[in-house]
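Structure data follow from run-v3.cif (mmCIF, C-alpha atoms and all ligand atoms):
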```cif
data_target
#
loop_
_atom_site.label_atom_id
_atom_site.label_comp_id
_atom_site.auth_asym_id
_atom_site.auth_seq_id
_atom_site.Cartn_x
_atom_site.Cartn_y
_atom_site.Cartn_z
CA MET A 1 0.00 0.00 0.00
CA LYS A 2 1.20 3.50 -0.86
CA VAL A 3 0.77 6.23 1.75
CA LEU A 4 0.34 9.78 0.49
CA VAL A 5 1.42 12.53 2.90
CA PRO A 6 0.32 16.07 2.00
CA VAL A 7 2.61 18.62 3.67
CA LYS A 8 2.33 22.40 3.75
CA ARG A 9 5.18 24.92 3.91
CA VAL A 10 4.31 27.41 6.64
CA VAL A 11 6.00 30.06 8.82
CA ASP A 12 8.23 28.14 11.25
CA TYR A 13 6.43 27.43 14.53
CA ASN A 14 9.25 29.09 16.53
CA ILE A 15 8.68 32.43 14.80
CA LYS A 16 6.20 34.93 16.21
CA PRO A 17 4.03 35.78 13.19
CA ARG A 18 3.64 39.46 12.24
CA VAL A 19 0.62 40.84 10.43
CA ALA A 20 1.56 41.79 6.84
CA ALA A 21 1.56 45.46 5.83
CA ASP A 22 -1.75 45.11 3.92
CA GLY A 23 -3.46 43.68 7.06
CA ARG A 24 -4.72 40.68 5.11
CA GLY A 25 -2.26 37.99 6.09
CA VAL A 26 0.94 37.16 7.88
CA GLU A 27 4.34 38.47 6.79
CA THR A 28 6.31 35.73 5.00
CA GLN A 29 9.06 37.82 3.35
CA GLY A 30 12.43 37.04 4.93
CA VAL A 31 10.77 34.74 7.47
CA LYS A 32 11.98 31.20 8.21
CA MET A 33 9.57 28.68 6.67
CA SER A 34 9.31 24.97 7.45
CA MET A 35 7.06 21.95 7.31
CA ASN A 36 3.74 22.34 9.15
CA PRO A 37 4.33 20.53 12.50
CA PHE A 38 1.17 18.38 12.23
CA ASP A 39 2.38 17.22 8.80
CA GLU A 40 5.70 16.11 10.32
CA ILE A 41 3.67 13.95 12.72
CA ALA A 42 1.58 12.57 9.83
CA LEU A 43 4.78 11.79 7.92
CA GLU A 44 6.37 10.11 10.94
CA GLU A 45 3.31 7.88 11.25
CA ALA A 46 3.50 6.93 7.57
CA LEU A 47 7.20 6.06 7.98
CA ARG A 48 6.39 3.90 11.02
CA LEU A 49 3.66 2.09 9.04
CA ARG A 50 6.23 1.37 6.31
CA GLU A 51 8.73 0.15 8.91
CA LYS A 52 6.06 -2.18 10.36
CA GLY A 53 5.44 -3.58 6.87
CA HIS A 54 1.98 -2.03 6.38
CA ALA A 55 3.13 0.38 3.66
CA SER A 56 5.34 -0.16 0.64
CA GLU A 57 5.98 3.47 -0.28
CA VAL A 58 5.62 6.88 1.35
CA ILE A 59 5.01 9.77 -1.05
CA ALA A 60 5.06 13.37 0.14
CA VAL A 61 3.17 16.03 -1.80
CA THR A 62 2.99 19.78 -1.42
CA ILE A 63 1.06 22.47 -3.25
CA GLY A 64 2.96 25.72 -3.41
CA PRO A 65 5.65 27.75 -5.15
CA GLN A 66 8.95 26.30 -6.43
CA VAL A 67 10.70 27.15 -3.12
CA ALA A 68 8.40 24.66 -1.38
CA GLN A 69 10.81 22.02 -2.72
CA ASP A 70 12.77 22.61 0.52
CA VAL A 71 10.06 21.00 2.67
CA LEU A 72 9.84 18.09 0.23
CA ARG A 73 13.60 17.53 0.58
CA THR A 74 13.04 17.49 4.36
CA THR A 75 10.31 14.85 4.00
CA MET A 76 12.73 12.69 2.00
CA ALA A 77 15.53 13.28 4.51
CA MET A 78 13.15 12.02 7.20
CA GLY A 79 12.46 8.94 5.05
CA ALA A 80 9.80 9.59 2.39
CA ASP A 81 10.62 7.57 -0.76
CA ARG A 82 9.74 10.32 -3.24
CA ALA A 83 7.96 13.63 -3.47
CA ILE A 84 5.65 15.61 -5.72
CA LEU A 85 5.50 19.39 -6.00
CA ILE A 86 2.21 20.72 -7.36
CA SER A 87 3.62 24.00 -8.50
CA THR A 88 1.58 27.21 -8.23
CA ASP A 89 2.08 30.76 -6.99
CA VAL A 90 -1.62 30.97 -6.11
CA ASP A 91 -2.28 30.82 -2.35
CA CYS A 92 -4.69 27.88 -2.48
CA GLU A 93 -7.59 27.61 -0.04
CA PRO A 94 -8.58 24.18 1.42
CA ARG A 95 -11.22 23.49 -1.27
CA VAL A 96 -8.65 23.99 -4.04
CA VAL A 97 -5.95 22.04 -2.14
CA ALA A 98 -8.44 19.17 -1.71
CA ASN A 99 -9.27 19.22 -5.44
CA LEU A 100 -5.57 19.17 -6.39
CA LEU A 101 -4.84 16.37 -3.91
CA LYS A 102 -7.78 14.41 -5.34
CA ALA A 103 -6.12 14.63 -8.77
CA VAL A 104 -2.88 13.26 -7.26
CA VAL A 105 -4.82 10.47 -5.51
CA GLU A 106 -6.41 9.45 -8.81
CA LYS A 107 -2.93 9.21 -10.36
CA GLU A 108 -1.10 7.52 -7.46
CA GLN A 109 -3.91 5.36 -5.99
CA PRO A 110 -2.68 5.40 -2.37
CA GLY A 111 -4.29 3.11 0.22
CA LEU A 112 -3.99 5.77 2.91
CA ILE A 113 -3.65 9.54 3.13
CA SER A 114 -1.86 10.62 6.29
CA MET A 115 -2.04 14.39 6.76
CA GLY A 116 -1.99 17.07 9.44
CA LYS A 117 -5.19 18.00 11.26
CA GLN A 118 -4.51 21.66 10.51
CA ALA A 119 -1.98 24.04 9.04
CA ILE A 120 -0.63 26.40 11.70
CA ASP A 121 -0.65 29.41 9.35
CA ASP A 122 -4.36 29.73 8.64
CA ASP A 123 -5.73 27.16 11.17
CA MET A 124 -8.37 26.05 8.65
CA ASN A 125 -8.69 22.44 9.86
CA ALA A 126 -10.67 21.68 6.71
CA THR A 127 -8.55 20.09 3.99
CA GLY A 128 -8.54 16.48 5.26
CA GLN A 129 -12.29 16.52 5.80
CA MET A 130 -12.92 18.05 2.35
CA LEU A 131 -10.59 15.58 0.64
CA ALA A 132 -12.27 12.57 2.30
CA ALA A 133 -15.68 13.88 1.22
CA LYS A 134 -14.55 14.52 -2.37
CA LEU A 135 -13.04 11.03 -2.62
CA GLY A 136 -15.98 9.38 -0.82
CA TRP A 137 -13.48 7.82 1.60
CA PRO A 138 -13.85 7.34 5.37
CA GLN A 139 -12.01 9.83 7.58
CA GLY A 140 -10.42 9.59 11.01
CA THR A 141 -9.59 13.11 12.20
CA PHE A 142 -7.46 14.21 15.20
CA ALA A 143 -5.79 10.78 15.41
CA SER A 144 -3.73 10.04 18.52
CA GLN A 145 -3.22 6.35 17.65
CA ILE A 146 -3.42 4.37 14.40
CA ASP A 147 -3.36 0.59 13.94
CA ILE A 148 -3.62 -1.12 10.57
CA ALA A 149 -4.80 -4.72 10.09
CA ASP A 150 -6.74 -6.67 7.45
CA GLY A 151 -7.58 -3.72 5.23
CA HIS A 152 -8.84 -1.66 8.17
CA ALA A 153 -7.43 1.21 10.16
CA THR A 154 -8.32 1.58 13.82
CA VAL A 155 -8.04 5.23 14.74
CA THR A 156 -8.18 6.63 18.25
CA ARG A 157 -9.34 10.24 18.12
CA GLU A 158 -8.92 12.99 20.65
CA VAL A 159 -12.39 14.34 21.46
CA ASP A 160 -13.55 16.70 24.21
CA GLY A 161 -12.90 15.05 27.57
CA GLY A 162 -11.68 11.71 26.24
CA THR A 163 -11.04 9.53 23.23
CA GLU A 164 -13.14 7.85 20.56
CA THR A 165 -12.03 4.78 18.59
CA LEU A 166 -13.13 4.30 14.99
CA ALA A 167 -12.69 1.40 12.58
CA LEU A 168 -12.23 2.63 8.99
CA THR A 169 -12.08 0.58 5.82
CA LEU A 170 -9.12 1.47 3.63
CA PRO A 171 -8.51 3.54 1.58
CA ALA A 172 -9.06 6.32 4.10
CA VAL A 173 -7.96 9.80 5.13
CA ILE A 174 -6.42 10.16 8.59
CA THR A 175 -5.45 13.51 10.10
CA ALA A 176 -2.78 13.62 12.79
CA ASP A 177 -3.12 15.24 16.20
CA LEU A 178 -0.22 16.37 18.41
CA ARG A 179 0.06 13.28 20.59
CA LEU A 180 0.17 10.70 17.75
CA ASN A 181 3.97 10.42 17.86
CA GLU A 182 7.20 12.36 18.13
CA PRO A 183 8.70 12.92 14.69
CA ARG A 184 12.30 11.84 14.05
CA TYR A 185 15.08 14.22 13.11
CA ALA A 186 16.71 13.91 9.71
CA SER A 187 20.33 12.77 10.11
CA LEU A 188 23.07 14.42 8.06
CA PRO A 189 23.67 11.29 5.89
CA ASN A 190 19.92 11.11 5.21
CA ILE A 191 19.84 14.80 4.28
CA MET A 192 22.59 14.06 1.72
CA LYS A 193 20.77 10.94 0.43
CA ALA A 194 17.51 12.91 0.08
CA ARG A 195 19.14 15.07 -2.61
CA LYS A 196 19.13 12.05 -4.91
CA LYS A 197 15.56 10.92 -4.24
CA PRO A 198 12.99 11.62 -6.99
CA LEU A 199 11.12 14.93 -6.84
CA GLU A 200 8.47 15.28 -9.53
CA THR A 201 6.99 18.68 -10.41
CA LEU A 202 3.48 19.01 -11.83
CA GLU A 203 1.97 22.34 -12.83
CA ALA A 204 -1.20 22.91 -10.78
CA ALA A 205 -2.79 24.44 -13.87
CA SER A 206 -2.29 21.14 -15.75
CA LEU A 207 -4.47 19.14 -13.33
CA GLY A 208 -7.79 20.52 -14.57
CA VAL A 209 -8.61 22.18 -11.23
CA ASP A 210 -10.04 25.70 -10.97
CA LEU A 211 -7.61 27.58 -8.70
CA THR A 212 -9.83 30.66 -8.30
CA PRO A 213 -10.40 31.40 -4.61
CA HIS A 214 -13.90 31.52 -3.17
CA LEU A 215 -12.64 32.93 0.12
CA THR A 216 -11.24 36.41 0.68
CA VAL A 217 -9.34 37.29 3.83
CA VAL A 218 -10.85 40.61 4.87
CA LYS A 219 -8.64 41.38 7.85
CA VAL A 220 -5.97 39.81 10.03
CA ALA A 221 -5.34 41.44 13.41
CA GLU A 222 -3.02 40.81 16.35
CA PRO A 223 -4.70 40.01 19.68
CA PRO A 224 -5.22 43.15 21.81
CA GLN A 225 -2.24 44.03 24.04
CA ARG A 226 -2.79 42.99 27.66
CA THR A 227 -2.39 45.78 30.18
CA ALA A 228 -0.10 45.16 33.16
CA GLY A 229 -1.73 43.67 36.28
CA ILE A 230 -1.53 45.06 39.82
CA ILE A 231 -1.10 43.35 43.20
CA VAL A 232 -3.81 44.13 45.73
CA GLU A 233 -3.23 43.94 49.50
CA THR A 234 -6.58 42.59 50.68
CA VAL A 235 -9.69 40.80 49.44
CA ASP A 236 -11.72 43.92 50.29
CA GLU A 237 -9.50 45.99 48.03
CA LEU A 238 -9.91 43.39 45.24
CA VAL A 239 -13.71 43.46 45.56
CA GLN A 240 -13.67 47.24 45.61
CA LYS A 241 -11.58 47.42 42.42
CA LEU A 242 -13.72 44.81 40.66
CA LYS A 243 -16.78 46.95 41.47
CA THR A 244 -15.50 50.43 40.80
CA GLU A 245 -12.67 50.03 38.27
CA ALA A 246 -13.25 46.81 36.33
CA LYS A 247 -17.02 47.13 36.87
CA VAL A 248 -17.46 43.36 36.52
CA ILE A 249 -19.38 42.74 39.78
P1 LIG A 301 -5.81 23.15 6.74
O1 LIG A 301 -7.13 22.57 6.38
O2 LIG A 301 -5.39 24.29 5.84
O3 LIG A 301 -5.72 23.54 8.20
O4 LIG A 301 -4.69 22.03 6.48
C1 LIG A 301 -4.86 20.69 6.94
C2 LIG A 301 -3.84 19.80 6.29
O5 LIG A 301 -4.02 19.82 4.87
C3 LIG A 301 -2.38 20.21 6.49
O6 LIG A 301 -1.89 19.77 7.74
C4 LIG A 301 -1.71 19.50 5.30
O7 LIG A 301 -1.56 18.12 5.57
C5 LIG A 301 -2.77 19.65 4.20
N1 LIG A 301 -2.51 20.84 3.38
C6 LIG A 301 -3.03 22.08 3.52
N2 LIG A 301 -2.52 22.92 2.60
C7 LIG A 301 -1.64 22.20 1.86
C8 LIG A 301 -0.78 22.47 0.76
N3 LIG A 301 -0.70 23.71 0.22
N4 LIG A 301 -0.02 21.47 0.26
C9 LIG A 301 -0.10 20.23 0.78
N5 LIG A 301 -0.87 19.91 1.83
C10 LIG A 301 -1.64 20.87 2.37
#
```

Write out the structure in this file as C-alpha cells.
Ligand code: AMP
Amino acid sequence: MKVLVPVKRVVDYNIKPRVAADGRGVETQGVKMSMNPFDEIALEEALRLREKGHASEVIAVTIGPQVAQDVLRTTMAMGADRAILISTDVDCEPRVVANLLKAVVEKEQPGLISMGKQAIDDDMNATGQMLAAKLGWPQGTFASQIDIADGHATVTREVDGGTETLALTLPAVITADLRLNEPRYASLPNIMKARKKPLETLEAASLGVDLTPHLTVVKVAEPPQRTAGIIVETVDELVQKLKTEAKVI
C-alpha cells in the first residue's frame, strides 16, 4: 500500500508571526519557513507504518511555489521515498488544495492519506475533511493512535474530555493530532541521500482544477495588548476594584 502525505510549507512554529503590511495575512518575506508541524507527525506515522510492513511506499506532496521544494527535501531526509510538488504561486484555499490532492490520488492510488489536522498558518482544519468527502473515503480526524490490520485502520481520536475509537475501511484519510507520535530528526547522511531521491513537479494548472479562490481574507489582526496587572493587598480591596474600576461585579 502507498501512503500519500500532503505537507504544507508554513511560517516556522518558533517564529512569532507578524501581520503583513496590507493587514490581510501574515508576513512571510524574509521569514523562516518549514514543514507544518502536524504534517511532520503525519509523515512520521507513515514512515512507522512502512517500517512495520503495512506500507510499501511513502510519497510526500505539497502544493505551493517552487521554493516549497525545501520541505519536500526534508520529508525525504526524514524517510519519504519520493515527493511531488504541485507548483503554483496561487495561495490555495482548502477546497482547491483538496481538489488538487484528489487529482494526485487518482494518479497515485494510495491506500492511505496521512495528513496534518490543521496548518498552523491559517488554522483552517478543513482540507482532510474536504478531501475525504470529495473522494468518498472514510475519515479519522485528530488521530492520537493508528493501527492497521486486514484492510482496516483503527483510529483513536482525541475528542472533548476523552477519546473515541473508529474502525475505517481502507482507503481512508487520517489527520494527525499532536500526541500521535514524536517525529524523528533527519540525520546528516539522510539529508545528503535525500538530494538524490525523486522529486516530480506538476503544474497545478495542468491538473484541470479551478484555482480561483472563493474565500477572501478581509482582515488579520493581532490580539489586543494585555495591560499590566496590579497586586492588591486585601480581598476587600480586590472586591472594591472589581466593582468600581473593572465594573465586573
Ligand atoms: P488546513 O485545512 O489548511 O488547516 O490544512 C490541513 C492539512 O491539509 C495540512 O496539515 C496538510 O496536511 C494539508 N494541506 C493544507 N494545505 C496544503 C498544501 N498547500 N499542500 C499540501 N498539503 C496541504

_Just the number, please: distance in Å from atom CA of Lys241 of chain A to atom CA of Pro224 of chain A, one decimal._
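Separation of atom CA of Lys241 of chain A and atom CA of Pro224 of chain A: 22.0 Å.
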
*Could you give me, as a count of residues only, every polymer residue with an atom at most 9 Å away from an atom of ligand LIG 301 (chain A), counting only C-alpha atoms and all ligand atoms?*
48

*Could you tell me how far atom CA of Val217 of chain A lies from atom CA of Lys16 of chain A, in Å and to one decimal?*
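Atom CA of Lys16 of chain A lies at a distance of 20.0 Å from atom CA of Val217 of chain A.
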
*Within 9 Å of Ser34 of chain A, counting all atoms listed in the file, which residues qualify if same-chain residues fewer than 5 places away don't, as an MDAnalysis selection string?*
chainID A and resid 8:13 68 70:71 74

*Name the closest residue to Ile113 of chain A among the candidates A:Pro183, A:Gly30, A:Pro17, A:Pro171; distances are taken between atoms, counting all atoms listed in the file.*
A:Pro171

_Using all atoms listed in the file, which protein or nucleic acid residues come within 9 Å of segment 140-144 of chain A? Drop anything in the same chain fewer than 2 positions from it, and give the result as an NGL selection string._
:A and (116-117 or 128-129 or 138 or 146 or 153-159 or 163 or 166-168 or 172-181)

Kindly export the residues of the current selection with C-alpha atoms, as an mmCIF file, keeping the file's coordinate frame.
```
data_model
loop_
_atom_site.group_PDB
_atom_site.id
_atom_site.type_symbol
_atom_site.label_atom_id
_atom_site.label_comp_id
_atom_site.auth_asym_id
_atom_site.auth_seq_id
_atom_site.Cartn_x
_atom_site.Cartn_y
_atom_site.Cartn_z
ATOM 1 C CA GLY A 116 -1.990 17.070 9.440
ATOM 2 C CA LYS A 117 -5.190 18.000 11.260
ATOM 3 C CA GLY A 128 -8.540 16.480 5.260
ATOM 4 C CA GLN A 129 -12.290 16.520 5.800
ATOM 5 C CA PRO A 138 -13.850 7.340 5.370
ATOM 6 C CA ILE A 146 -3.420 4.370 14.400
ATOM 7 C CA ALA A 153 -7.430 1.210 10.160
ATOM 8 C CA THR A 154 -8.320 1.580 13.820
ATOM 9 C CA VAL A 155 -8.040 5.230 14.740
ATOM 10 C CA THR A 156 -8.180 6.630 18.250
ATOM 11 C CA ARG A 157 -9.340 10.240 18.120
ATOM 12 C CA GLU A 158 -8.920 12.990 20.650
ATOM 13 C CA VAL A 159 -12.390 14.340 21.460
ATOM 14 C CA THR A 163 -11.040 9.530 23.230
ATOM 15 C CA LEU A 166 -13.130 4.300 14.990
ATOM 16 C CA ALA A 167 -12.690 1.400 12.580
ATOM 17 C CA LEU A 168 -12.230 2.630 8.990
ATOM 18 C CA ALA A 172 -9.060 6.320 4.100
ATOM 19 C CA VAL A 173 -7.960 9.800 5.130
ATOM 20 C CA ILE A 174 -6.420 10.160 8.590
ATOM 21 C CA THR A 175 -5.450 13.510 10.100
ATOM 22 C CA ALA A 176 -2.780 13.620 12.790
ATOM 23 C CA ASP A 177 -3.120 15.240 16.200
ATOM 24 C CA LEU A 178 -0.220 16.370 18.410
ATOM 25 C CA ARG A 179 0.060 13.280 20.590
ATOM 26 C CA LEU A 180 0.170 10.700 17.750
ATOM 27 C CA ASN A 181 3.970 10.420 17.860
#
```

*Record the distance separating atom CA of Val248 of chain A and atom CA of Pro223 of chain A, expressed in Å with one decimal.*
21.4 Å

*So which residues touch Arg195 of chain A within 10 Å, counting only C-alpha atoms, skipping near sequence neighbours fewer than 2 positions away, as a ChimeraX atom specification?*
/A:73-74,76-77,190-193,197-199

Please return segment 83-106 of chain A, rebuilt to N, CA, C and O atoms, as a PDB file, keeping the file's coordinate frame.
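Saved the output as out-v1.pdb:
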```pdb
ATOM      1  N   ALA A  83       8.792  12.465  -3.778  1.00  0.00           N
ATOM      2  CA  ALA A  83       7.960  13.630  -3.470  1.00  0.00           C
ATOM      3  C   ALA A  83       7.423  14.255  -4.751  1.00  0.00           C
ATOM      4  O   ALA A  83       8.008  14.102  -5.829  1.00  0.00           O
ATOM      5  N   ILE A  84       6.295  14.939  -4.585  1.00  0.00           N
ATOM      6  CA  ILE A  84       5.650  15.610  -5.720  1.00  0.00           C
ATOM      7  C   ILE A  84       5.380  17.069  -5.329  1.00  0.00           C
ATOM      8  O   ILE A  84       4.777  17.327  -4.282  1.00  0.00           O
ATOM      9  N   LEU A  85       5.833  17.977  -6.180  1.00  0.00           N
ATOM     10  CA  LEU A  85       5.500  19.390  -6.000  1.00  0.00           C
ATOM     11  C   LEU A  85       4.400  19.740  -7.002  1.00  0.00           C
ATOM     12  O   LEU A  85       4.587  19.582  -8.211  1.00  0.00           O
ATOM     13  N   ILE A  86       3.257  20.186  -6.483  1.00  0.00           N
ATOM     14  CA  ILE A  86       2.210  20.720  -7.360  1.00  0.00           C
ATOM     15  C   ILE A  86       2.478  22.223  -7.379  1.00  0.00           C
ATOM     16  O   ILE A  86       2.187  22.929  -6.410  1.00  0.00           O
ATOM     17  N   SER A  87       3.071  22.657  -8.468  1.00  0.00           N
ATOM     18  CA  SER A  87       3.620  24.000  -8.500  1.00  0.00           C
ATOM     19  C   SER A  87       2.575  25.054  -8.859  1.00  0.00           C
ATOM     20  O   SER A  87       1.886  24.945  -9.874  1.00  0.00           O
ATOM     21  N   THR A  88       2.451  26.071  -7.965  1.00  0.00           N
ATOM     22  CA  THR A  88       1.580  27.210  -8.230  1.00  0.00           C
ATOM     23  C   THR A  88       1.987  28.371  -7.333  1.00  0.00           C
ATOM     24  O   THR A  88       2.413  28.147  -6.197  1.00  0.00           O
ATOM     25  N   ASP A  89       1.830  29.583  -7.828  1.00  0.00           N
ATOM     26  CA  ASP A  89       2.080  30.760  -6.990  1.00  0.00           C
ATOM     27  C   ASP A  89       0.778  31.263  -6.370  1.00  0.00           C
ATOM     28  O   ASP A  89       0.784  32.214  -5.598  1.00  0.00           O
ATOM     29  N   VAL A  90      -0.337  30.590  -6.703  1.00  0.00           N
ATOM     30  CA  VAL A  90      -1.620  30.970  -6.110  1.00  0.00           C
ATOM     31  C   VAL A  90      -1.663  30.438  -4.683  1.00  0.00           C
ATOM     32  O   VAL A  90      -1.257  29.303  -4.430  1.00  0.00           O
ATOM     33  N   ASP A  91      -2.132  31.258  -3.741  1.00  0.00           N
ATOM     34  CA  ASP A  91      -2.280  30.820  -2.350  1.00  0.00           C
ATOM     35  C   ASP A  91      -3.582  30.024  -2.283  1.00  0.00           C
ATOM     36  O   ASP A  91      -4.667  30.605  -2.264  1.00  0.00           O
ATOM     37  N   CYS A  92      -3.478  28.691  -2.302  1.00  0.00           N
ATOM     38  CA  CYS A  92      -4.690  27.880  -2.480  1.00  0.00           C
ATOM     39  C   CYS A  92      -5.440  27.668  -1.175  1.00  0.00           C
ATOM     40  O   CYS A  92      -4.849  27.316  -0.156  1.00  0.00           O
ATOM     41  N   GLU A  93      -6.752  27.851  -1.218  1.00  0.00           N
ATOM     42  CA  GLU A  93      -7.590  27.610  -0.040  1.00  0.00           C
ATOM     43  C   GLU A  93      -7.905  26.104   0.047  1.00  0.00           C
ATOM     44  O   GLU A  93      -7.707  25.365  -0.938  1.00  0.00           O
ATOM     45  N   PRO A  94      -8.393  25.629   1.222  1.00  0.00           N
ATOM     46  CA  PRO A  94      -8.580  24.180   1.420  1.00  0.00           C
ATOM     47  C   PRO A  94      -9.367  23.474   0.300  1.00  0.00           C
ATOM     48  O   PRO A  94      -9.014  22.368  -0.110  1.00  0.00           O
ATOM     49  N   ARG A  95     -10.422  24.120  -0.206  1.00  0.00           N
ATOM     50  CA  ARG A  95     -11.220  23.490  -1.270  1.00  0.00           C
ATOM     51  C   ARG A  95     -10.357  23.200  -2.496  1.00  0.00           C
ATOM     52  O   ARG A  95     -10.425  22.120  -3.085  1.00  0.00           O
ATOM     53  N   VAL A  96      -9.513  24.153  -2.861  1.00  0.00           N
ATOM     54  CA  VAL A  96      -8.650  23.990  -4.040  1.00  0.00           C
ATOM     55  C   VAL A  96      -7.556  22.954  -3.739  1.00  0.00           C
ATOM     56  O   VAL A  96      -7.268  22.085  -4.572  1.00  0.00           O
ATOM     57  N   VAL A  97      -6.978  23.023  -2.523  1.00  0.00           N
ATOM     58  CA  VAL A  97      -5.950  22.040  -2.140  1.00  0.00           C
ATOM     59  C   VAL A  97      -6.566  20.627  -2.213  1.00  0.00           C
ATOM     60  O   VAL A  97      -5.959  19.712  -2.759  1.00  0.00           O
ATOM     61  N   ALA A  98      -7.789  20.487  -1.690  1.00  0.00           N
ATOM     62  CA  ALA A  98      -8.440  19.170  -1.710  1.00  0.00           C
ATOM     63  C   ALA A  98      -8.661  18.701  -3.148  1.00  0.00           C
ATOM     64  O   ALA A  98      -8.440  17.528  -3.468  1.00  0.00           O
ATOM     65  N   ASN A  99      -9.059  19.605  -4.030  1.00  0.00           N
ATOM     66  CA  ASN A  99      -9.270  19.220  -5.440  1.00  0.00           C
ATOM     67  C   ASN A  99      -7.957  18.798  -6.095  1.00  0.00           C
ATOM     68  O   ASN A  99      -7.917  17.812  -6.856  1.00  0.00           O
ATOM     69  N   LEU A 100      -6.879  19.526  -5.798  1.00  0.00           N
ATOM     70  CA  LEU A 100      -5.570  19.170  -6.390  1.00  0.00           C
ATOM     71  C   LEU A 100      -5.082  17.840  -5.816  1.00  0.00           C
ATOM     72  O   LEU A 100      -4.558  16.983  -6.552  1.00  0.00           O
ATOM     73  N   LEU A 101      -5.277  17.647  -4.513  1.00  0.00           N
ATOM     74  CA  LEU A 101      -4.840  16.370  -3.910  1.00  0.00           C
ATOM     75  C   LEU A 101      -5.655  15.215  -4.480  1.00  0.00           C
ATOM     76  O   LEU A 101      -5.123  14.123  -4.700  1.00  0.00           O
ATOM     77  N   LYS A 102      -6.931  15.470  -4.759  1.00  0.00           N
ATOM     78  CA  LYS A 102      -7.780  14.410  -5.340  1.00  0.00           C
ATOM     79  C   LYS A 102      -7.196  13.977  -6.686  1.00  0.00           C
ATOM     80  O   LYS A 102      -7.151  12.778  -6.999  1.00  0.00           O
ATOM     81  N   ALA A 103      -6.716  14.959  -7.463  1.00  0.00           N
ATOM     82  CA  ALA A 103      -6.120  14.630  -8.770  1.00  0.00           C
ATOM     83  C   ALA A 103      -4.866  13.761  -8.574  1.00  0.00           C
ATOM     84  O   ALA A 103      -4.634  12.818  -9.338  1.00  0.00           O
ATOM     85  N   VAL A 104      -4.083  14.054  -7.534  1.00  0.00           N
ATOM     86  CA  VAL A 104      -2.880  13.260  -7.260  1.00  0.00           C
ATOM     87  C   VAL A 104      -3.278  11.846  -6.806  1.00  0.00           C
ATOM     88  O   VAL A 104      -2.670  10.851  -7.203  1.00  0.00           O
ATOM     89  N   VAL A 105      -4.336  11.775  -5.999  1.00  0.00           N
ATOM     90  CA  VAL A 105      -4.820  10.470  -5.510  1.00  0.00           C
ATOM     91  C   VAL A 105      -5.257   9.603  -6.689  1.00  0.00           C
ATOM     92  O   VAL A 105      -4.949   8.405  -6.745  1.00  0.00           O
ATOM     93  N   GLU A 106      -5.948  10.216  -7.641  1.00  0.00           N
ATOM     94  CA  GLU A 106      -6.410   9.450  -8.810  1.00  0.00           C
ATOM     95  C   GLU A 106      -5.224   8.898  -9.595  1.00  0.00           C
ATOM     96  O   GLU A 106      -5.271   7.799 -10.134  1.00  0.00           O
TER      97      GLU A 106
END
```
